[in-house]
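Peer 1: Quick one: structure below, then a few questions.
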Amino acid sequence: MSEDAAIQFPGESSEYRLARNRLLDAEAELRRAIERVAAQRRALPPGGAVPDDYVFEEAADAGGQVRFSELFAPGKDTLVIYSFMFPRWSGDTRPGPAEGQTARLPLAETPCPSCTSILDSLDGAAPHLASRLNLVVAAKSDPARIRTFARERGWRHLRLLSSRNNDYNRDYHAEAPDGEQIPILNVFTRDGDGLRHRWATELMFAPRDDGEEPRHVDLIWPIWNVLDMTPGGRGSGPDFPAMHYE
């Protein structure tokens with residue numbers, strides 16, 4: 001890429017433009033890498049057959065139960081399940097909700113603030129995604145608690161389920177052997193061979209450098225992507241993201 005780019009902004013120096021164009025080269029290479037990885041992800045062979053027709057509980061007002069196989073709507077053969085940490089990780093000391101019924105729960109039984117920030121965004125994206133695939137969110141919590149918290153957050157579009165009475169979380173690495181909940185996104189497909197696992201955010205479990213965050217669900221987490229574009233970056237505040245802000 002030429003370092004004499006046609007685009008310029010008011011008042012910028014030649015030093016800025018030279019550095020920006022060098023960064024632009026790096027951003028273009030990152031774009032190529034993202035496309036290569038996405039193509040490699042799409043080209044994965046089918047994973048293992050889903051071992052059980054798990055029974056979930058609906059968190060919606062009507063309640064009831066739904067089987068895993070019933071989460072595939074007619075004509076939509078891809079299912080995305082985000083595992084919501086409700087309850088949160090036991091070592092998470094960030095403040096819980098400031099008001100509402102969920103605020104009355106012991107802190108250890110409240111939802112994960114990070115998962116909450118993801119779902120705040122996914123709730124808006126859900127109608128768009130619904131035109132292409134099936135999206136659900138599952139938590140190992142009482143359906144009434146999930147429903148109450150969804151109302152308190154103003155979520156209107158997410159399909160929320162309880163996995164408290166099945167082995168889905170354990171089978172698909174949304175739960176550690178000690179019972180700690182793990183945030184993970186899994187993708188499944190339906191075809192002539194039945195229901196198959198296709199992909200998961202396994203970067204969560206990959207080796208990483210000291211001090212490096214997993215970043216396994218960053219692609220669906222807008223707040224970090226916006227902060228990455230700013231001079232201050234992500235920062236290191238231990239209480240961010242939070243359930244509420246002053």
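Ordered as shown in the structure tokens, chains take letters A, B, and onward, while each chain numbers its residues from 1 and ligands are numbered from 1 in the order shown.
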Could you make a table, as JSON lines, of the residues of stretch 40-142 of chain A that have an atom within 9 Å of an atom of stretch 235-242 of chain A, each with its nearest atom pair and distance in Å to one decimal, counting only C-alpha atoms, in chain and number order?
Peer 2:
```
{"residue": "A:Thr93", "atom": "CA", "partner": "A:Asp239", "partner_atom": "CA", "distance": 8.3}
{"residue": "A:Arg94", "atom": "CA", "partner": "A:Asp239", "partner_atom": "CA", "distance": 5.5}
{"residue": "A:Pro95", "atom": "CA", "partner": "A:Ala242", "partner_atom": "CA", "distance": 7.3}
{"residue": "A:Gly96", "atom": "CA", "partner": "A:Ala242", "partner_atom": "CA", "distance": 8.1}
{"residue": "A:Pro97", "atom": "CA", "partner": "A:Ala242", "partner_atom": "CA", "distance": 8.8}
{"residue": "A:Pro113", "atom": "CA", "partner": "A:Ala242", "partner_atom": "CA", "distance": 5.4}
{"residue": "A:Ser114", "atom": "CA", "partner": "A:Pro241", "partner_atom": "CA", "distance": 5.8}
{"residue": "A:Thr116", "atom": "CA", "partner": "A:Ala242", "partner_atom": "CA", "distance": 8.6}
{"residue": "A:Ser117", "atom": "CA", "partner": "A:Pro241", "partner_atom": "CA", "distance": 6.9}
```
Peer 1: Can you pull out every residue from stretch 1-114 of chain A that DSSP, working from the backbone, puts in alpha helix (DSSP H), and format the result as a PyMOL selection string?
Peer 2: chain A and resi 14-42+113-114
Peer 1: Need to verify the contact set: stretch 181-191 of chain A, 6 Å, only C-alpha atoms, exclusion of same-chain residues closer than 2 positions in sequence. Can you return it as a ChimeraX atom specification?
Peer 2: /A:77-85,174-175,193-201
Peer 1: Please provide the set of residues having any atom within 12 Å of A:Pro127, restricted to only C-alpha atoms, with same-chain residues fewer than 4 positions apart removed, written as a list in words.
Peer 2: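 Surrounding residues, per the criterion: Ser121, Leu122, Asp123, Ser131, Arg132, Leu133, Asn134, Leu135, Val136, Trp155, Arg156, His157, Leu158 and Arg159 of chain A.
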Peer 1: Write down as a count of residues only the residues of stretch 162-205 of chain A whose backbone DSSP state falls under strand (DSSP E or B).
Peer 2: 18
Peer 1: Rank A:Arg67, A:Arg151, A:Arg31, A:Arg88 by their smallest atom-to-atom distance to A:Gly100, using only C-alpha atoms, and report the top residue only.
Peer 2: A:Arg151
Peer 1: May I have a table of the residues of stretch 144-225 of chain A lying at most 6 Å from stretch 59-66 of chain A, giving each one's closest pair of atoms and their distance in Å to one decimal, counting only C-alpha atoms, ordered by chain and ascending residue number, as a tab-separated table?
Peer 2:
```
residue	atom	partner	partner_atom	distance
A:Arg147	CA	A:Ala59	CA	5.2
A:Leu160	CA	A:Ala59	CA	5.5
A:Leu161	CA	A:Ala59	CA	5.2
```
Peer 1: Could you check the closest approach to A:Glu152 for each of A:Gly91, A:Trp221, A:Met243, A:Asp167 and tell me which residue wins, using only C-alpha atoms?
Peer 2: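 Selected residue with least distance to A:Glu152: A:Met243.
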Peer 1: What's the separation between atom CA of A:Met229 and atom CA of A:Pro214, in Å to one decimal place?
Peer 2: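 Straight-line distance from atom CA of A:Met229 to atom CA of A:Pro214 works out to 19.0 Å.
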Peer 1: How far is it from atom CA of A:Ala28 to atom CA of A:Leu129, in Å with one decimal?
Peer 2: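 Interatomic distance, atom CA of A:Ala28 to atom CA of A:Leu129: 26.8 Å.
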Peer 1: For the atom pair atom CA of A:Asp53 and atom CA of A:Ser69, what is the interatomic distance in Å to one decimal place?
Peer 2: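 Those two atoms sit 6.2 Å apart.
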